[in-house]
$ cat run-v5.cif   # mmCIF, C-alpha atoms and all ligand atoms
data_query
#
loop_
_atom_site.label_atom_id
_atom_site.label_comp_id
_atom_site.auth_asym_id
_atom_site.auth_seq_id
_atom_site.Cartn_x
_atom_site.Cartn_y
_atom_site.Cartn_z
CA MET V 1191 35.59 -4.30 -47.84
CA LYS V 1192 38.61 -2.38 -49.20
CA SER V 1193 41.25 -4.62 -50.83
CA ASP V 1194 44.63 -4.43 -49.06
CA PHE V 1195 46.64 -4.28 -52.28
CA SER V 1196 46.50 -2.28 -55.50
CA PRO V 1197 46.68 -4.25 -58.76
CA TYR V 1198 49.17 -1.65 -60.04
CA VAL V 1199 51.66 -1.73 -57.16
CA PRO V 1200 54.06 -4.69 -56.84
CA ARG V 1201 54.17 -6.29 -53.40
CA PRO V 1202 57.55 -7.27 -51.95
CA ALA V 1203 58.66 -10.91 -51.78
CA THR V 1204 61.98 -12.47 -50.77
CA LEU V 1205 63.91 -15.22 -52.55
CA VAL V 1206 64.28 -18.09 -50.07
CA ALA V 1207 65.69 -20.84 -52.32
CA LYS V 1208 66.76 -21.48 -55.89
CA LYS V 1209 67.64 -24.67 -57.73
CA GLU V 1210 68.89 -25.19 -61.29
CA LEU V 1211 66.58 -27.56 -63.18
CA ASN V 1212 68.76 -27.57 -66.30
CA GLU V 1213 71.28 -25.28 -68.02
CA TYR V 1214 68.59 -22.67 -68.80
CA VAL V 1215 65.76 -23.20 -66.30
CA THR V 1216 65.88 -22.43 -62.57
CA LEU V 1217 63.26 -23.04 -59.88
CA PHE V 1218 62.74 -20.11 -57.47
CA GLU V 1219 61.00 -20.27 -54.12
CA PHE V 1220 59.78 -16.91 -52.86
CA ALA V 1221 58.05 -15.84 -49.65
CA GLN V 1222 55.60 -12.94 -49.60
CA ASP V 1223 56.88 -10.33 -47.14
CA SER V 1224 53.28 -9.79 -45.99
CA GLY V 1225 53.30 -13.33 -44.55
CA LYS V 1226 50.05 -14.03 -46.42
CA PRO V 1227 49.49 -16.93 -48.85
CA LEU V 1228 49.64 -16.02 -52.55
CA ALA V 1229 46.06 -17.34 -52.87
CA HIS V 1230 46.47 -18.38 -56.51
CA ARG V 1231 44.51 -21.06 -58.35
CA PRO V 1232 46.29 -23.70 -60.49
CA GLY V 1233 47.02 -22.21 -63.94
CA GLN V 1234 47.24 -18.57 -62.85
CA PHE V 1235 50.27 -16.36 -63.35
CA ILE V 1236 51.96 -13.48 -61.53
CA GLN V 1237 53.81 -10.43 -62.81
CA VAL V 1238 57.33 -10.42 -61.37
CA SER V 1239 59.40 -7.21 -61.11
CA VAL V 1240 63.13 -7.33 -60.83
CA TYR V 1241 63.82 -3.86 -59.46
CA GLY V 1242 65.68 -1.65 -61.92
CA VAL V 1243 65.27 -4.16 -64.77
CA GLY V 1244 61.60 -4.76 -65.59
CA GLU V 1245 58.55 -6.94 -65.15
CA ALA V 1246 57.52 -10.24 -66.77
CA PRO V 1247 54.71 -12.81 -66.33
CA PHE V 1248 55.38 -16.30 -64.93
CA SER V 1249 53.06 -19.18 -64.10
CA VAL V 1250 52.93 -20.22 -60.47
CA SER V 1251 54.34 -23.74 -60.46
CA SER V 1252 53.56 -24.72 -56.87
CA PRO V 1253 50.08 -25.83 -55.79
CA PRO V 1254 47.91 -23.40 -53.80
CA ARG V 1255 48.53 -23.33 -50.05
CA THR V 1256 46.29 -21.73 -47.48
CA ASP V 1257 48.77 -22.34 -44.66
CA HIS V 1258 51.94 -20.98 -46.27
CA HIS V 1259 53.20 -17.73 -47.82
CA HIS V 1260 55.82 -19.44 -49.99
CA PHE V 1261 55.34 -20.12 -53.72
CA GLU V 1262 57.45 -21.32 -56.65
CA ILE V 1263 58.09 -20.20 -60.22
CA ALA V 1264 60.42 -21.89 -62.74
CA VAL V 1265 62.06 -19.56 -65.24
CA ARG V 1266 63.89 -20.08 -68.51
CA ARG V 1267 66.62 -17.52 -69.27
CA VAL V 1268 65.71 -15.71 -72.49
CA GLY V 1269 66.25 -11.97 -71.97
CA SER V 1270 66.64 -9.10 -69.56
CA VAL V 1271 64.16 -9.92 -66.73
CA THR V 1272 64.75 -13.67 -66.82
CA ASN V 1273 68.55 -13.27 -66.79
CA ALA V 1274 68.30 -10.79 -63.90
CA LEU V 1275 66.14 -13.29 -61.97
CA HIS V 1276 68.72 -16.01 -62.52
CA GLY V 1277 71.36 -13.67 -61.10
CA LEU V 1278 69.50 -13.09 -57.79
CA GLU V 1279 70.92 -14.51 -54.58
CA VAL V 1280 68.87 -15.93 -51.70
CA GLY V 1281 67.62 -12.98 -49.64
CA ALA V 1282 67.04 -10.75 -52.69
CA LYS V 1283 63.79 -8.78 -52.96
CA ILE V 1284 61.45 -8.81 -55.94
CA GLY V 1285 58.00 -7.28 -56.54
CA ILE V 1286 54.93 -9.28 -57.50
CA ARG V 1287 51.49 -8.39 -58.84
CA GLY V 1288 48.66 -10.86 -59.13
CA PRO V 1289 47.78 -13.73 -59.21
CA TYR V 1290 46.04 -13.02 -62.51
CA GLY V 1291 44.09 -14.81 -65.19
CA SER V 1292 41.78 -17.77 -65.49
CA TYR V 1293 42.55 -21.11 -63.88
CA PHE V 1294 41.77 -24.80 -64.08
CA PRO V 1295 38.30 -25.42 -62.58
CA MET V 1296 39.43 -27.95 -59.97
CA GLN V 1297 35.95 -28.48 -58.51
CA LYS V 1298 34.68 -29.63 -61.93
CA PHE V 1299 37.41 -32.30 -62.01
CA VAL V 1300 36.47 -33.85 -58.65
CA GLY V 1301 35.54 -37.52 -59.08
CA GLN V 1302 36.90 -37.53 -62.65
CA ASP V 1303 39.97 -39.04 -64.33
CA PHE V 1304 42.63 -36.65 -65.57
CA LEU V 1305 45.19 -36.69 -68.39
CA PHE V 1306 48.09 -34.19 -68.29
CA VAL V 1307 49.92 -33.54 -71.57
CA ALA V 1308 53.00 -31.42 -70.82
CA GLY V 1309 55.35 -30.31 -73.57
CA GLY V 1310 58.65 -28.68 -72.51
CA LEU V 1311 58.05 -25.72 -70.18
CA GLY V 1312 54.31 -26.53 -70.20
CA TYR V 1313 55.08 -28.80 -67.26
CA ILE V 1314 55.73 -25.69 -65.11
CA PRO V 1315 52.06 -24.56 -64.81
CA LEU V 1316 50.68 -28.12 -65.02
CA ARG V 1317 52.79 -29.03 -61.99
CA SER V 1318 50.54 -26.77 -59.90
CA VAL V 1319 47.46 -28.77 -60.98
CA LEU V 1320 49.19 -32.14 -60.63
CA HIS V 1321 50.52 -31.50 -57.14
CA TYR V 1322 47.15 -30.12 -56.04
CA MET V 1323 45.57 -33.40 -57.18
CA LEU V 1324 48.28 -35.52 -55.55
CA ARG V 1325 47.74 -33.61 -52.30
CA HIS V 1326 43.96 -34.24 -52.53
CA ARG V 1327 44.42 -37.68 -54.10
CA ASP V 1328 41.15 -39.20 -52.81
CA GLU V 1329 39.07 -36.59 -54.65
CA PHE V 1330 40.22 -37.58 -58.15
CA GLY V 1331 40.09 -40.73 -60.28
CA LYS V 1332 42.81 -42.20 -62.51
CA LEU V 1333 45.69 -39.76 -63.18
CA THR V 1334 47.93 -40.03 -66.25
CA LEU V 1335 50.88 -37.72 -66.92
CA LEU V 1336 52.56 -37.45 -70.34
CA VAL V 1337 55.77 -35.41 -70.49
CA GLY V 1338 57.64 -34.59 -73.69
CA THR V 1339 60.93 -32.72 -74.03
CA ARG V 1340 63.14 -31.91 -76.99
CA ASN V 1341 66.19 -33.70 -75.56
CA PRO V 1342 67.33 -35.17 -72.22
CA GLY V 1343 69.36 -32.02 -71.37
CA GLU V 1344 66.18 -29.89 -71.43
CA ARG V 1345 64.19 -32.11 -69.05
CA ILE V 1346 63.00 -30.28 -65.91
CA PHE V 1347 61.96 -31.49 -62.44
CA THR V 1348 63.76 -34.79 -63.16
CA ASP V 1349 64.14 -35.74 -59.46
CA GLN V 1350 60.45 -35.09 -58.76
CA LEU V 1351 59.39 -36.98 -61.88
CA ALA V 1352 61.51 -39.97 -60.80
CA GLU V 1353 59.86 -39.81 -57.37
CA ILE V 1354 56.24 -39.55 -58.54
CA SER V 1355 56.81 -42.22 -61.22
CA LYS V 1356 57.13 -44.73 -58.34
CA ARG V 1357 53.56 -44.02 -57.18
CA SER V 1358 50.98 -46.69 -57.93
CA ASP V 1359 48.17 -44.11 -58.15
CA LEU V 1360 49.67 -42.15 -61.06
CA ASP V 1361 50.83 -43.30 -64.53
CA VAL V 1362 53.81 -41.30 -65.82
CA LEU V 1363 55.05 -41.67 -69.39
CA GLU V 1364 57.92 -39.59 -70.70
CA THR V 1365 59.51 -39.12 -74.10
CA VAL V 1366 62.21 -37.03 -75.77
CA ASP V 1367 62.30 -35.99 -79.42
CA ALA V 1368 66.06 -36.50 -79.76
CA PRO V 1369 67.82 -38.93 -77.37
CA ASP V 1370 71.43 -38.85 -76.23
CA GLU V 1371 73.59 -41.96 -75.66
CA GLU V 1372 72.34 -42.45 -72.10
CA TRP V 1373 68.59 -42.06 -72.70
CA GLN V 1374 66.78 -45.39 -72.15
CA GLY V 1375 63.20 -44.18 -72.45
CA ASN V 1376 60.68 -43.43 -75.20
CA VAL V 1377 61.82 -41.51 -78.25
CA GLY V 1378 59.46 -39.40 -80.37
CA VAL V 1379 57.14 -36.43 -80.03
CA ILE V 1380 54.62 -36.41 -77.19
CA THR V 1381 51.77 -37.76 -79.35
CA THR V 1382 53.72 -41.05 -79.76
CA LEU V 1383 52.77 -41.75 -76.13
CA PHE V 1384 49.02 -41.73 -76.81
CA PRO V 1385 48.82 -45.34 -78.12
CA LYS V 1386 50.39 -46.49 -74.82
CA ILE V 1387 47.70 -45.05 -72.53
CA ARG V 1388 44.38 -46.52 -71.43
CA ILE V 1389 41.72 -44.00 -70.50
CA ASN V 1390 37.94 -43.77 -70.42
CA PRO V 1391 37.01 -40.81 -72.67
CA GLU V 1392 33.70 -40.34 -70.87
CA THR V 1393 35.28 -39.78 -67.46
CA THR V 1394 38.55 -38.10 -68.43
CA TYR V 1395 39.41 -34.39 -68.49
CA VAL V 1396 42.59 -33.28 -70.28
CA ALA V 1397 44.93 -30.36 -69.58
CA THR V 1398 47.60 -29.67 -72.16
CA ILE V 1399 50.28 -26.99 -72.18
CA GLY V 1400 53.31 -26.80 -74.44
CA PRO V 1401 54.78 -25.10 -77.48
CA PRO V 1402 52.17 -23.72 -79.91
CA VAL V 1403 52.90 -26.39 -82.55
CA MET V 1404 51.93 -29.16 -80.11
CA TYR V 1405 48.29 -28.26 -79.46
CA ARG V 1406 46.78 -29.19 -82.81
CA PHE V 1407 48.33 -32.66 -82.73
CA VAL V 1408 47.44 -33.32 -79.09
CA ILE V 1409 43.83 -32.31 -79.74
CA GLN V 1410 43.71 -34.65 -82.77
CA GLU V 1411 44.91 -37.52 -80.56
CA CYS V 1412 42.32 -36.66 -77.90
CA SER V 1413 39.61 -36.72 -80.60
CA LYS V 1414 40.83 -40.14 -81.79
CA LEU V 1415 40.41 -41.40 -78.22
CA GLY V 1416 36.86 -40.03 -78.21
CA ILE V 1417 37.43 -37.30 -75.61
CA PRO V 1418 34.78 -34.56 -76.10
CA GLN V 1419 36.17 -31.07 -76.80
CA ASP V 1420 34.51 -29.64 -73.70
CA ARG V 1421 36.72 -31.94 -71.60
CA ILE V 1422 39.96 -30.48 -73.03
CA TYR V 1423 41.69 -27.48 -71.37
CA VAL V 1424 44.65 -25.57 -72.81
CA SER V 1425 46.73 -22.64 -71.57
CA LEU V 1426 47.90 -20.02 -74.05
CA GLU V 1427 50.92 -17.76 -73.57
CA ARG V 1428 50.92 -14.37 -75.24
CA ARG V 1429 53.22 -11.37 -74.77
CA MET V 1430 51.79 -9.42 -71.82
CA LYS V 1431 52.32 -6.00 -70.26
CA CYS V 1432 49.63 -4.97 -67.78
CA GLY V 1433 48.09 -8.36 -66.93
CA LEU V 1434 44.87 -6.43 -66.23
CA GLY V 1435 43.02 -6.32 -69.56
CA LYS V 1436 43.99 -2.66 -70.15
CA CYS V 1437 46.83 -2.53 -72.69
CA GLY V 1438 45.68 -4.94 -75.43
CA HIS V 1439 49.13 -6.58 -75.78
CA CYS V 1440 47.80 -10.09 -75.25
CA GLN V 1441 44.70 -10.05 -77.49
CA ILE V 1442 43.61 -13.06 -79.56
CA ASN V 1443 40.59 -12.32 -81.76
CA GLY V 1444 39.18 -9.91 -79.18
CA LEU V 1445 39.94 -12.10 -76.14
CA ASN V 1446 42.41 -10.73 -73.60
CA CYS V 1447 44.69 -13.63 -72.80
CA CYS V 1448 45.58 -12.12 -69.40
CA LEU V 1449 41.94 -11.82 -68.24
CA ASP V 1450 39.95 -14.38 -70.27
CA GLY V 1451 42.94 -16.77 -70.22
CA PRO V 1452 45.57 -18.07 -70.05
CA VAL V 1453 43.49 -21.20 -69.28
CA PHE V 1454 40.70 -21.90 -71.78
CA CYS V 1455 38.34 -24.78 -72.34
CA TYR V 1456 39.06 -25.86 -75.93
CA THR V 1457 35.45 -25.12 -76.97
CA GLU V 1458 36.02 -21.41 -76.09
CA ILE V 1459 38.84 -21.00 -78.62
CA ALA V 1460 38.32 -23.78 -81.18
CA GLY V 1461 36.90 -21.39 -83.80
CA LEU V 1462 39.42 -18.58 -83.25
CA GLY V 1463 41.95 -18.69 -86.09
CA GLU V 1464 44.79 -16.98 -84.21
CA ALA V 1465 44.44 -18.98 -81.01
CA LEU V 1466 46.21 -22.27 -81.78
C1 LIG P 1501 50.91 -16.21 -68.80
C2 LIG P 1501 52.39 -16.45 -69.02
C3 LIG P 1501 53.04 -17.37 -68.23
C4 LIG P 1501 54.40 -17.59 -68.42
N1 LIG P 1501 55.01 -18.50 -67.61
C5 LIG P 1501 56.34 -18.70 -67.74
C6 LIG P 1501 57.01 -19.61 -66.87
O1 LIG P 1501 56.39 -20.24 -65.98
N2 LIG P 1501 58.34 -19.77 -67.03
C7 LIG P 1501 59.06 -19.10 -67.99
O2 LIG P 1501 60.28 -19.29 -68.09
N3 LIG P 1501 58.45 -18.24 -68.84
C8 LIG P 1501 57.12 -18.02 -68.72
N4 LIG P 1501 56.50 -17.12 -69.55
C9 LIG P 1501 57.31 -16.41 -70.55
C10 LIG P 1501 58.04 -15.24 -69.89
O3 LIG P 1501 57.07 -14.28 -69.48
C11 LIG P 1501 59.03 -14.59 -70.87
O4 LIG P 1501 60.06 -15.49 -71.14
C12 LIG P 1501 59.58 -13.31 -70.27
O5 LIG P 1501 58.59 -12.30 -70.32
C13 LIG P 1501 60.80 -12.86 -71.03
O6 LIG P 1501 61.24 -11.66 -70.41
P1 LIG P 1501 62.74 -11.15 -70.58
O7 LIG P 1501 62.76 -9.72 -70.13
O8 LIG P 1501 63.70 -12.08 -69.94
O9 LIG P 1501 62.95 -11.27 -72.15
P2 LIG P 1501 63.00 -10.06 -73.21
O10 LIG P 1501 64.30 -9.35 -72.98
O11 LIG P 1501 61.74 -9.30 -73.18
O12 LIG P 1501 63.03 -10.91 -74.54
C14 LIG P 1501 64.11 -11.79 -74.85
C15 LIG P 1501 63.70 -12.75 -75.95
O13 LIG P 1501 62.64 -13.60 -75.49
C16 LIG P 1501 61.52 -13.51 -76.34
N5 LIG P 1501 60.32 -13.55 -75.52
C17 LIG P 1501 59.93 -12.68 -74.58
N6 LIG P 1501 58.74 -13.04 -74.06
C18 LIG P 1501 58.38 -14.18 -74.68
C19 LIG P 1501 57.25 -15.05 -74.59
N7 LIG P 1501 56.20 -14.81 -73.77
N8 LIG P 1501 57.24 -16.14 -75.38
C20 LIG P 1501 58.26 -16.39 -76.24
N9 LIG P 1501 59.33 -15.60 -76.37
C21 LIG P 1501 59.40 -14.52 -75.61
C22 LIG P 1501 61.67 -12.18 -77.02
O14 LIG P 1501 61.02 -12.16 -78.27
C23 LIG P 1501 63.17 -12.07 -77.19
O15 LIG P 1501 63.61 -12.79 -78.30
C24 LIG P 1501 55.14 -16.88 -69.41
C25 LIG P 1501 54.47 -15.95 -70.21
C26 LIG P 1501 53.12 -15.74 -70.03
C27 LIG P 1501 52.42 -14.74 -70.88
S1 LIG P 1502 48.50 -7.83 -70.87
FE1 LIG P 1502 47.49 -5.90 -71.09
S2 LIG P 1502 45.54 -6.49 -71.86
FE2 LIG P 1502 46.49 -8.38 -71.41
#
$ encode --input "run-v5.cif" --output "structure tokens" --more "lines below"
Ligand SMILES: Cc1cc2nc3c(=O)[nH]c(=O)nc-3n(C[C@H](O)[C@H](O)[C@H](O)COP(=O)(O)OP(=O)(O)OC[C@H]3O[C@@H](n4cnc5c(N)ncnc54)[C@H](O)[C@@H]3O)c2cc1C
Ligand code: FES
Amino acid sequence: MKSDFSPYVPRPATLVAKKELNEYVTLFEFAQDSGKPLAHRPGQFIQVSVYGVGEAPFSVSSPPRTDHHHFEIAVRRVGSVTNALHGLEVGAKIGIRGPYGSYFPMQKFVGQDFLFVAGGLGYIPLRSVLHYMLRHRDEFGKLTLLVGTRNPGERIFTDQLAEISKRSDLDVLETVDAPDEEWQGNVGVITTLFPKIRINPETTYVATIGPPVMYRFVIQECSKLGIPQDRIYVSLERRMKCGLGKCGHCQINGLNCCLDGPVFCYTEIAGLGEAL
């Protein structure tokens, strides 16, 4: 059957809501003008065009929906496309291509425990996995969420985190590297939370996303807990252009991050020098 969209042509979507998560990061809710669901899998990204400015990749932060054509991205202002996005008003049109890339194999995680390790903006794509699991809560075992941020001002999704922290079927532990006067919680990098968690390494899968410096230390902590490497998933961000495996912008040792990734099982990339 012929596909109803070209991978090269952006499809129109409309901004239906936006909410500042902190000084630099805003959450955007878009609706596809086609009325069809985005049909993404947790961990995938889309290419977003701001007309007249340019295109950039963003992880889909909302969980997949089959009954809804709305989806969310959360964007940090760093340059031309991201600043233009922040300037859009509700009702504005954008173009989207995708969803693209590999994703977290949710069926493999059914019946298993799960540890999320989210550093900074890494919480944005992990939120899609987490909320999928919370929506299908009976299908998964013990869930543990670790969140680390540089300072309290850079925390994101604070209201949602406060809400889900009250749940008895999810353990949430948060830390900041540098506290302010009001911060009452843990202080230290995200790996300082590992001694506080209780998990069974034989039944636990891990997903970790964060700044590049974080991965090596998180993987060391997972090894100390006895979690096998084939139970650890990471997501790698590289500069991207086409998102289709054509331009070579996102290559790591011969892997195209846009096609083969961004989500990798750690065993797929453990030996690749440039990867982590
Ligand atoms: C698969 C994938 C998923 C992503 N998901 C998100 C997301 O959910 N939320 C989000 O805010 N961002 C995300 N990003 C990063 C986002 O794509 C970039 O911030 C964006 O492309 C910057 O575009 P710009 O035109 O605003 O910046 P530009 O004007 O192109 O650049 C401005 C500055 O930002 C730096 N920069 C640009 N791209 C990156 C990058 N990828 N990493 C680090 N520095 C960069 C440039 O070096 C420059 O200093 C993701 C990137 C990838 C590859
Ligand atoms: S972004 Fe072009 S090959 Fe990956």
$ closest_residue --input "run-v5.cif" --among "V:Tyr1322, V:Tyr1290, V:Tyr1198, V:Phe1306" --to "Phe1384 in chain V" --atoms "only C-alpha atoms"
V:Phe1306
$ closest_residue --input "run-v5.cif" --among "V:Gly1309, V:Leu1434, V:Ile1380, V:Val1362" --to "ligand LIG 1502 (chain P)" --atoms "all atoms listed in the file"
V:Leu1434
$ residues_near_ligand --input "run-v5.cif" --ligand "ligand LIG 1502 (chain P)" --cutoff "9 Å" --atoms "only C-alpha atoms and all ligand atoms" --output "list in words"
Arg1428, Arg1429, Met1430, Lys1431, Cys1432, Gly1433, Leu1434, Gly1435, Lys1436, Cys1437, Gly1438, His1439, Cys1440, Gln1441, Leu1445, Asn1446, Cys1447, Cys1448, Leu1449 and Asp1450 of chain V
$ closest_residue --input "run-v5.cif" --among "V:Asp1223, V:Glu1279, V:Asp1328, V:Glu1213" --to "Arg1345 in chain V" --atoms "only C-alpha atoms"
V:Glu1213
$ atom_distance --input "run-v5.cif" --atom1 "atom O14 of ligand LIG 1501 (chain P)" --atom2 "CA of Phe1235 in chain V"
18.9 Å
$ closest_atom_pairs --input "run-v5.cif" --of "chain V" --to "ligand LIG 1501 (chain P)" --cutoff "8 Å" --atoms "only C-alpha atoms and all ligand atoms" --output "Markdown table"
| residue | atom | partner | partner_atom | distance |
| --- | --- | --- | --- | --- |
| V:Val1215 | CA | P:LIG1501 | O2 | 7.0 |
| V:Gln1234 | CA | P:LIG1501 | C1 | 7.4 |
| V:Phe1235 | CA | P:LIG1501 | C1 | 5.5 |
| V:Ile1236 | CA | P:LIG1501 | C3 | 7.8 |
| V:Gly1244 | CA | P:LIG1501 | O7 | 6.8 |
| V:Glu1245 | CA | P:LIG1501 | O7 | 7.1 |
| V:Ala1246 | CA | P:LIG1501 | O5 | 4.2 |
| V:Pro1247 | CA | P:LIG1501 | O3 | 4.2 |
| V:Phe1248 | CA | P:LIG1501 | N1 | 3.5 |
| V:Ser1249 | CA | P:LIG1501 | O1 | 4.0 |
| V:Val1250 | CA | P:LIG1501 | O1 | 6.5 |
| V:Ser1251 | CA | P:LIG1501 | O1 | 6.9 |
| V:Ile1263 | CA | P:LIG1501 | O1 | 6.0 |
| V:Ala1264 | CA | P:LIG1501 | N2 | 5.2 |
| V:Val1265 | CA | P:LIG1501 | O2 | 3.4 |
| V:Arg1266 | CA | P:LIG1501 | O2 | 3.7 |
| V:Arg1267 | CA | P:LIG1501 | O8 | 6.2 |
| V:Val1268 | CA | P:LIG1501 | O13 | 4.8 |
| V:Gly1269 | CA | P:LIG1501 | O8 | 3.3 |
| V:Ser1270 | CA | P:LIG1501 | O7 | 4.0 |
| V:Val1271 | CA | P:LIG1501 | O7 | 3.7 |
| V:Thr1272 | CA | P:LIG1501 | O8 | 3.7 |
| V:Asn1273 | CA | P:LIG1501 | O8 | 5.9 |
| V:Ala1274 | CA | P:LIG1501 | O8 | 7.7 |
| V:Gly1291 | CA | P:LIG1501 | C1 | 7.8 |
| V:Leu1311 | CA | P:LIG1501 | N2 | 6.7 |
| V:Gly1312 | CA | P:LIG1501 | O1 | 7.9 |
| V:Ile1314 | CA | P:LIG1501 | O1 | 5.6 |
| V:Pro1315 | CA | P:LIG1501 | O1 | 6.2 |
| V:Leu1426 | CA | P:LIG1501 | C1 | 7.2 |
| V:Glu1427 | CA | P:LIG1501 | C27 | 4.3 |
| V:Arg1428 | CA | P:LIG1501 | C27 | 4.6 |
| V:Arg1429 | CA | P:LIG1501 | N7 | 4.7 |
| V:Met1430 | CA | P:LIG1501 | C27 | 5.4 |
| V:Cys1440 | CA | P:LIG1501 | C27 | 7.9 |
| V:Cys1447 | CA | P:LIG1501 | C1 | 7.8 |
| V:Cys1448 | CA | P:LIG1501 | C1 | 6.7 |
| V:Pro1452 | CA | P:LIG1501 | C1 | 5.8 |
$ closest_residue --input "run-v5.cif" --among "V:Val1199, V:Pro1232, V:Ala1352, V:Asp1420" --to "Tyr1293 in chain V" --atoms "all atoms listed in the file"
V:Pro1232
$ atom_distance --input "run-v5.cif" --atom1 "CA of Leu1462 in chain V" --atom2 "CA of Thr1393 in chain V"
26.8 Å
$ build_atoms --input "run-v5.cif" --residues "range 1421-1432 of chain V" --atoms "N, CA, C and O atoms" --output "mmCIF file, in the coordinates of the input"
data_model
loop_
_atom_site.group_PDB
_atom_site.id
_atom_site.type_symbol
_atom_site.label_atom_id
_atom_site.label_comp_id
_atom_site.auth_asym_id
_atom_site.auth_seq_id
_atom_site.Cartn_x
_atom_site.Cartn_y
_atom_site.Cartn_z
ATOM 1 N N ARG V 1421 35.936 -31.349 -72.696
ATOM 2 C CA ARG V 1421 36.720 -31.940 -71.600
ATOM 3 C C ARG V 1421 38.211 -31.636 -71.769
ATOM 4 O O ARG V 1421 39.046 -32.192 -71.050
ATOM 5 N N ILE V 1422 38.548 -30.772 -72.763
ATOM 6 C CA ILE V 1422 39.960 -30.480 -73.030
ATOM 7 C C ILE V 1422 40.251 -29.025 -72.628
ATOM 8 O O ILE V 1422 39.567 -28.100 -73.072
ATOM 9 N N TYR V 1423 41.276 -28.820 -71.798
ATOM 10 C CA TYR V 1423 41.690 -27.480 -71.370
ATOM 11 C C TYR V 1423 43.104 -27.198 -71.868
ATOM 12 O O TYR V 1423 43.959 -28.082 -71.852
ATOM 13 N N VAL V 1424 43.320 -25.972 -72.345
ATOM 14 C CA VAL V 1424 44.650 -25.570 -72.810
ATOM 15 C C VAL V 1424 45.016 -24.271 -72.089
ATOM 16 O O VAL V 1424 44.152 -23.578 -71.555
ATOM 17 N N SER V 1425 46.301 -23.938 -72.102
ATOM 18 C CA SER V 1425 46.730 -22.640 -71.570
ATOM 19 C C SER V 1425 47.563 -21.974 -72.647
ATOM 20 O O SER V 1425 48.472 -22.587 -73.204
ATOM 21 N N LEU V 1426 47.232 -20.718 -72.961
ATOM 22 C CA LEU V 1426 47.900 -20.020 -74.050
ATOM 23 C C LEU V 1426 48.758 -18.880 -73.507
ATOM 24 O O LEU V 1426 48.296 -18.086 -72.702
ATOM 25 N N GLU V 1427 50.001 -18.823 -73.980
ATOM 26 C CA GLU V 1427 50.920 -17.760 -73.570
ATOM 27 C C GLU V 1427 50.973 -16.701 -74.651
ATOM 28 O O GLU V 1427 51.204 -17.021 -75.803
ATOM 29 N N ARG V 1428 50.746 -15.461 -74.288
ATOM 30 C CA ARG V 1428 50.920 -14.370 -75.240
ATOM 31 C C ARG V 1428 51.783 -13.310 -74.563
ATOM 32 O O ARG V 1428 51.843 -13.247 -73.338
ATOM 33 N N ARG V 1429 52.438 -12.460 -75.374
ATOM 34 C CA ARG V 1429 53.220 -11.370 -74.770
ATOM 35 C C ARG V 1429 52.279 -10.506 -73.929
ATOM 36 O O ARG V 1429 51.203 -10.162 -74.377
ATOM 37 N N MET V 1430 52.661 -10.194 -72.707
ATOM 38 C CA MET V 1430 51.790 -9.420 -71.820
ATOM 39 C C MET V 1430 52.517 -8.220 -71.241
ATOM 40 O O MET V 1430 53.742 -8.247 -71.093
ATOM 41 N N LYS V 1431 51.747 -7.186 -70.924
ATOM 42 C CA LYS V 1431 52.320 -6.000 -70.260
ATOM 43 C C LYS V 1431 51.618 -5.768 -68.929
ATOM 44 O O LYS V 1431 52.195 -5.929 -67.886
ATOM 45 N N CYS V 1432 50.306 -5.400 -69.012
ATOM 46 C CA CYS V 1432 49.630 -4.970 -67.780
ATOM 47 C C CYS V 1432 49.121 -6.153 -66.951
ATOM 48 O O CYS V 1432 49.091 -6.092 -65.737
#
